[in-house]
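*Asks:* One file is attached below, query_15.txt, containing compact mmCIF, C-alpha atoms.
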```
# COMPACT_ATOMS: atom_id res chain seq x y z
CA MET A 984 61.75 -147.77 -27.11
CA GLU A 985 61.90 -145.45 -24.08
CA THR A 986 59.99 -147.88 -21.86
CA LEU A 987 62.14 -150.82 -22.97
CA ALA A 988 65.31 -148.82 -22.36
CA LYS A 989 64.15 -148.15 -18.81
CA LEU A 990 63.32 -151.82 -18.25
CA PHE A 991 66.57 -153.17 -19.67
CA GLY A 992 68.96 -150.44 -18.56
CA SER A 993 69.79 -148.78 -21.87
CA GLU A 994 68.52 -148.20 -25.37
CA THR A 995 71.75 -149.65 -26.76
CA LYS A 996 71.22 -152.91 -24.88
CA VAL A 997 67.69 -153.23 -26.29
CA LYS A 998 68.97 -152.59 -29.83
CA ILE A 999 71.71 -155.21 -29.39
CA MET A 1000 69.29 -157.77 -27.97
CA ARG A 1001 66.89 -157.21 -30.87
CA LEU A 1002 69.76 -157.49 -33.36
CA PHE A 1003 70.71 -160.91 -31.98
CA LEU A 1004 67.12 -162.14 -31.59
CA PHE A 1005 66.14 -161.14 -35.14
CA ASN A 1006 69.31 -162.73 -36.54
CA PRO A 1007 69.83 -165.89 -34.44
CA ASP A 1008 71.99 -167.66 -37.02
CA HIS A 1009 74.34 -164.74 -37.54
CA THR A 1010 77.70 -164.01 -35.91
CA PHE A 1011 78.52 -160.31 -35.45
CA SER A 1012 81.83 -158.62 -34.72
CA THR A 1013 81.84 -155.85 -32.13
CA SER A 1014 82.37 -153.21 -34.83
CA ASP A 1015 79.54 -154.66 -36.94
CA ILE A 1016 77.20 -154.50 -33.93
CA ALA A 1017 78.27 -150.90 -33.24
CA ASP A 1018 77.60 -149.95 -36.85
CA ARG A 1019 74.20 -151.62 -36.94
CA VAL A 1020 72.92 -150.22 -33.64
CA LYS A 1021 74.55 -146.80 -34.12
CA ALA A 1022 76.56 -146.89 -30.90
CA SER A 1023 80.22 -146.60 -29.94
CA VAL A 1024 82.39 -149.72 -29.93
CA GLY A 1025 83.12 -149.14 -26.24
CA GLN A 1026 79.43 -149.00 -25.38
CA VAL A 1027 78.78 -152.15 -27.42
CA ARG A 1028 81.64 -154.04 -25.72
CA LYS A 1029 80.18 -153.17 -22.31
CA GLU A 1030 76.63 -154.26 -23.22
CA VAL A 1031 77.74 -157.42 -25.02
CA ALA A 1032 79.87 -158.40 -22.00
CA LEU A 1033 76.76 -158.08 -19.81
CA LEU A 1034 74.67 -160.10 -22.27
CA GLU A 1035 77.40 -162.76 -22.41
CA LYS A 1036 77.50 -162.91 -18.60
CA ALA A 1037 73.70 -163.31 -18.59
CA GLY A 1038 73.99 -166.16 -21.09
CA LEU A 1039 72.13 -164.60 -24.03
CA VAL A 1040 75.15 -164.39 -26.34
CA LYS A 1041 78.32 -166.41 -26.66
CA PRO A 1042 81.64 -165.78 -28.37
CA LYS A 1043 82.28 -167.46 -31.71
CA ASN A 1044 85.09 -167.20 -34.23
CA LEU A 1045 83.99 -165.19 -37.25
CA ASN A 1046 85.80 -167.10 -40.01
CA HIS A 1047 87.29 -170.54 -40.21
CA GLY A 1048 91.04 -170.33 -39.76
CA THR A 1049 91.08 -166.90 -38.09
CA GLN A 1050 91.05 -165.97 -34.46
CA LYS A 1051 88.81 -162.94 -34.94
CA LYS A 1052 86.05 -163.19 -32.36
CA GLY A 1053 82.41 -162.38 -32.86
CA TYR A 1054 79.22 -163.08 -30.97
CA THR A 1055 76.11 -165.08 -31.66
CA VAL A 1056 72.93 -165.96 -29.77
CA ASP A 1057 73.29 -168.84 -27.35
CA SER A 1058 70.35 -171.00 -28.42
CA HIS A 1059 70.42 -172.72 -25.00
CA PHE A 1060 69.61 -169.49 -23.17
CA THR A 1061 66.96 -170.43 -20.61
CA TYR A 1062 64.63 -167.51 -21.31
CA MET A 1063 65.05 -167.43 -25.11
CA ALA A 1064 61.41 -167.97 -26.10
CA PRO A 1065 59.87 -165.49 -23.64
CA LEU A 1066 62.52 -162.87 -24.45
CA GLN A 1067 61.96 -163.30 -28.20
CA ASN A 1068 58.20 -163.06 -27.75
CA PHE A 1069 58.57 -159.94 -25.69
CA LEU A 1070 61.19 -158.02 -27.68
CA ILE A 1071 60.05 -159.07 -31.13
CA ASN A 1072 56.31 -158.76 -30.55
CA VAL A 1073 56.44 -155.38 -28.83
CA GLU A 1074 55.78 -152.76 -31.48
CA PRO A 1075 59.31 -151.66 -32.40
CA LEU A 1076 58.37 -148.07 -33.22
CA GLN A 1077 55.19 -146.14 -32.68
CA PRO A 1078 53.39 -145.14 -35.92
CA LYS A 1079 53.63 -141.45 -34.95
CA GLU A 1080 57.42 -141.77 -34.75
CA ILE A 1081 57.63 -143.44 -38.18
CA ILE A 1082 55.41 -140.75 -39.72
CA LYS A 1083 57.51 -138.00 -38.11
CA ARG A 1084 60.79 -139.40 -39.46
CA ILE A 1085 59.60 -140.37 -42.94
CA GLY A 1086 57.39 -137.28 -43.25
CA LYS A 1087 60.44 -135.00 -43.12
CA LEU A 1088 61.85 -136.53 -46.31
CA GLY A 1089 59.47 -134.96 -48.81
CA SER A 1090 55.82 -134.78 -49.76
CA ILE A 1091 54.79 -138.14 -48.29
CA LYS A 1092 51.33 -139.38 -49.31
CA LEU A 1093 51.20 -142.95 -47.97
CA ILE A 1094 53.06 -145.06 -45.43
CA VAL A 1095 52.04 -148.69 -45.08
CA THR A 1096 53.65 -150.93 -42.48
CA SER A 1097 53.64 -154.70 -42.49
CA GLY A 1098 56.17 -157.46 -41.84
CA VAL A 1099 58.24 -156.73 -38.74
CA PHE A 1100 55.91 -153.92 -37.67
CA ILE A 1101 52.88 -156.22 -37.37
CA GLN A 1102 54.64 -159.53 -36.65
CA GLU A 1103 54.01 -160.93 -40.15
CA PRO A 1104 57.40 -162.38 -41.14
CA GLU A 1105 56.06 -163.67 -44.47
CA SER A 1106 55.23 -160.16 -45.77
CA ARG A 1107 57.09 -159.10 -48.91
CA VAL A 1108 58.05 -155.75 -47.37
CA ASP A 1109 58.08 -154.16 -43.95
CA MET A 1110 57.23 -150.69 -45.22
CA LEU A 1111 55.76 -149.09 -48.34
CA ILE A 1112 56.37 -145.38 -48.81
CA VAL A 1113 54.69 -143.26 -51.47
CA GLY A 1114 55.58 -139.63 -51.99
CA ASP A 1115 57.34 -137.05 -54.08
CA HIS A 1116 60.52 -134.99 -53.84
CA VAL A 1117 62.28 -137.60 -51.69
CA LYS A 1118 66.06 -137.85 -51.94
CA LYS A 1119 67.16 -141.46 -52.18
CA SER A 1120 70.16 -140.87 -49.89
CA SER A 1121 67.98 -139.28 -47.20
CA LEU A 1122 65.50 -142.16 -47.37
CA GLU A 1123 68.30 -144.73 -47.10
CA HIS A 1124 69.82 -142.90 -44.11
CA THR A 1125 66.44 -142.77 -42.33
CA VAL A 1126 65.80 -146.46 -43.00
CA LYS A 1127 69.27 -147.35 -41.64
CA THR A 1128 68.44 -145.42 -38.46
CA LEU A 1129 65.12 -147.27 -38.12
CA GLU A 1130 66.95 -150.57 -38.67
CA SER A 1131 69.38 -149.74 -35.88
CA GLU A 1132 66.48 -149.28 -33.47
CA ILE A 1133 64.53 -152.32 -34.57
CA GLY A 1134 67.51 -154.68 -34.86
CA LYS A 1135 66.63 -155.97 -38.29
CA GLU A 1136 67.20 -154.97 -41.88
CA LEU A 1137 64.00 -153.52 -43.26
CA ARG A 1138 62.57 -154.52 -46.60
CA TYR A 1139 60.93 -151.44 -48.02
CA ALA A 1140 59.58 -150.08 -51.28
CA TYR A 1141 59.41 -146.43 -52.29
CA PHE A 1142 57.35 -145.11 -55.21
CA THR A 1143 56.50 -141.66 -56.47
CA THR A 1144 52.77 -140.92 -56.33
CA GLU A 1145 52.49 -141.19 -60.12
CA ASP A 1146 54.37 -144.52 -60.23
CA PHE A 1147 52.29 -145.93 -57.38
CA GLN A 1148 48.98 -144.91 -59.04
CA TYR A 1149 50.16 -146.51 -62.29
CA ARG A 1150 51.15 -149.72 -60.48
CA LEU A 1151 47.75 -149.84 -58.76
CA SER A 1152 45.92 -149.41 -62.08
CA MET A 1153 47.98 -152.24 -63.60
CA CYS A 1154 47.40 -154.53 -60.58
CA ASP A 1155 51.16 -154.73 -60.04
CA LYS A 1156 52.07 -157.87 -58.09
CA LEU A 1157 54.22 -156.12 -55.46
CA THR A 1158 51.61 -153.50 -54.61
CA ARG A 1159 48.86 -156.14 -54.57
CA ASP A 1160 50.97 -158.39 -52.32
CA ILE A 1161 51.36 -155.53 -49.88
CA LEU A 1162 47.78 -154.23 -49.93
CA ASP A 1163 45.96 -157.58 -50.17
CA PHE A 1164 47.69 -159.07 -47.13
CA PRO A 1165 47.86 -157.90 -43.49
CA HIS A 1166 49.18 -154.34 -43.21
CA LYS A 1167 48.54 -151.01 -41.49
CA LYS A 1168 48.11 -147.71 -43.29
CA ILE A 1169 49.67 -145.35 -40.78
CA LEU A 1170 49.50 -142.36 -43.14
CA ASN A 1171 47.13 -142.10 -46.08
CA LYS A 1172 46.66 -138.89 -48.05
CA LEU A 1173 45.70 -140.74 -51.22
CA GLY A 1174 42.14 -141.47 -50.19
CA ASN A 1175 40.59 -144.79 -51.22
CA ILE A 1176 43.59 -147.12 -51.12
```
Could you show the structure in this file as structure tokens?
*Replies:*
Amino acid sequence: METLAKLFGSETKVKIMRLFLFNPDHTFSTSDIADRVKASVGQVRKEVALLEKAGLVKPKNLNHGTQKKGYTVDSHFTYMAPLQNFLINVEPLQPKEIIKRIGKLGSIKLIVTSGVFIQEPESRVDMLIVGDHVKKSSLEHTVKTLESEIGKELRYAYFTTEDFQYRLSMCDKLTRDILDFPHKKILNKLGNI
């Protein structure tokens, strides 16, 4: 993210651009954008104004019958395809950074990335986490932070080690769908998985 922030002027701008590019059919209010990218409303207004001036986003009323303004991607933006290819296909977070953040949450045994992390939009989940002594609220907070940086809601699954081993032994469909299709094991303390 650091390199992209330097190229595009700010980390907030990169997060906002990713948010719009990953959700091209969605209209966001300024406060919704601020919440999703974890930035101040003032900062978001400034960056969105620049993106509007550049032609990437355009204003749009949020609801029929109201005058509340939001923003959406301008599908006629000249450089849409190259920008999408660049911002979506660049690895959103380095594996070391994911391990560092998730690893703090408990005794983490396995982290598998797929979906958005490896440009496989058809994957059932973006991340599988296996570990013990993980507080649900801490995991949700960490995932929300990752989402703000990536610009997309993450689909993830969390299992205790015992539950995951049981699911593997039963050939559980979700675990098989994750492990039998393209994925990366960025942390594996479980051995032969």
*Asks:* Which is closer to Val1113 in chain A than all the others in A:His1059, A:Lys1172, A:Lys1083, A:Lys1156, using all atoms listed in the file?
*Replies:* A:Lys1172
*Asks:* Find the residues near Ser1058 in chain A: any atom within 8 Å, counting all atoms listed in the file, skip ones fewer than 2 places away on the same chain, and give them as a VMD selection string.
*Replies:* chain A and resid 1007 1039 1056 1060 1063
*Asks:* With C-alpha atoms retained, export the selected residues as a compact mmCIF listing (two decimals), keeping the file's coordinate frame.
*Replies:*
```txt
# COMPACT_ATOMS: atom_id res chain seq x y z
CA PRO A 1007 69.83 -165.89 -34.44
CA LEU A 1039 72.13 -164.60 -24.03
CA VAL A 1056 72.93 -165.96 -29.77
CA PHE A 1060 69.61 -169.49 -23.17
CA MET A 1063 65.05 -167.43 -25.11
```
*Asks:* Please check which residues have atoms at most 12 Å from (81.8, -154.5, -29.8) in the file's coordinates, counting all atoms listed in the file, and write them as JSON, numbers by chain.
*Replies:* {"A": [995, 996, 999, 1011, 1012, 1013, 1014, 1015, 1016, 1017, 1018, 1019, 1020, 1021, 1022, 1023, 1024, 1025, 1026, 1027, 1028, 1029, 1030, 1031, 1032, 1033, 1034, 1035, 1042, 1052, 1053, 1054]}
*Asks:* Which distance in Å separates CA of Pro1065 in chain A and CA of Leu1002 in chain A, to one decimal?
*Replies:*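 Distance between the two atoms: 16.0 Å.
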*Asks:* Would you pick out the contacts of Ile1094 in chain A at 10 Å or less, using only C-alpha atoms, so that residues sharing its chain but fewer than 3 positions from it are not included, and give the list as a PyMOL selection string?
*Replies:* chain A and resi 1078+1081-1082+1085-1086+1091+1110-1114+1141+1167-1172
*Asks:* Now that the selection is made, can you save its residues with C-alpha atoms as a CSV table (one decimal), keeping the file's coordinate frame?
*Replies:*
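Output file again_39.csv follows:
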```csv
chain,number,residue,atom,x,y,z
A,1078,PRO,CA,53.4,-145.1,-35.9
A,1081,ILE,CA,57.6,-143.4,-38.2
A,1082,ILE,CA,55.4,-140.8,-39.7
A,1085,ILE,CA,59.6,-140.4,-42.9
A,1086,GLY,CA,57.4,-137.3,-43.2
A,1091,ILE,CA,54.8,-138.1,-48.3
A,1110,MET,CA,57.2,-150.7,-45.2
A,1111,LEU,CA,55.8,-149.1,-48.3
A,1112,ILE,CA,56.4,-145.4,-48.8
A,1113,VAL,CA,54.7,-143.3,-51.5
A,1114,GLY,CA,55.6,-139.6,-52.0
A,1141,TYR,CA,59.4,-146.4,-52.3
A,1167,LYS,CA,48.5,-151.0,-41.5
A,1168,LYS,CA,48.1,-147.7,-43.3
A,1169,ILE,CA,49.7,-145.4,-40.8
A,1170,LEU,CA,49.5,-142.4,-43.1
A,1171,ASN,CA,47.1,-142.1,-46.1
A,1172,LYS,CA,46.7,-138.9,-48.0
```
*Asks:* Quick one: everything within 12 Å of Tyr1062 in chain A, counting all atoms listed in the file, minus sequence neighbours fewer than 6 positions away in the same chain. Send it as a count of residues only.
*Replies:* 8
*Asks:* Could you check how far CA of Lys1119 in chain A sits from CA of Asp1155 in chain A, in Å to one decimal?
*Replies:*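 That distance, rounded to one decimal, is 22.2 Å.
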*Asks:* List every protein, DNA or RNA residue with an atom no more than 10 Å from (57.3, -157.2, -48.4) in the file's coordinates, counting all atoms listed in the file, and format the result as JSON, numbers by chain.
*Replies:* {"A": [1096, 1097, 1098, 1099, 1103, 1104, 1105, 1106, 1107, 1108, 1109, 1110, 1111, 1137, 1138, 1139, 1140, 1157, 1158, 1160, 1161, 1164]}
*Asks:* Record the distance separating CA of Glu1132 in chain A and CA of Lys998 in chain A, expressed in Å with one decimal.
*Replies:*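 Taking CA of Glu1132 in chain A and CA of Lys998 in chain A, their separation equals 5.5 Å.
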*Asks:* Smallest atom-to-atom distance to Leu1162 in chain A: which of A:Thr1061, A:Gln1148, A:Val1095, A:Leu1122, using all atoms listed in the file?
*Replies:*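 Under the stated criterion, the closest residue is A:Val1095.
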*Asks:* Set the distance at 9 Å and use all atoms listed in the file: which residues neighbour Asp1008 in chain A once local chain neighbours fewer than 3 positions away are removed? I'd like the list as an MDAnalysis selection string.
*Replies:* chainID A and resid 1003 1005 1055:1056
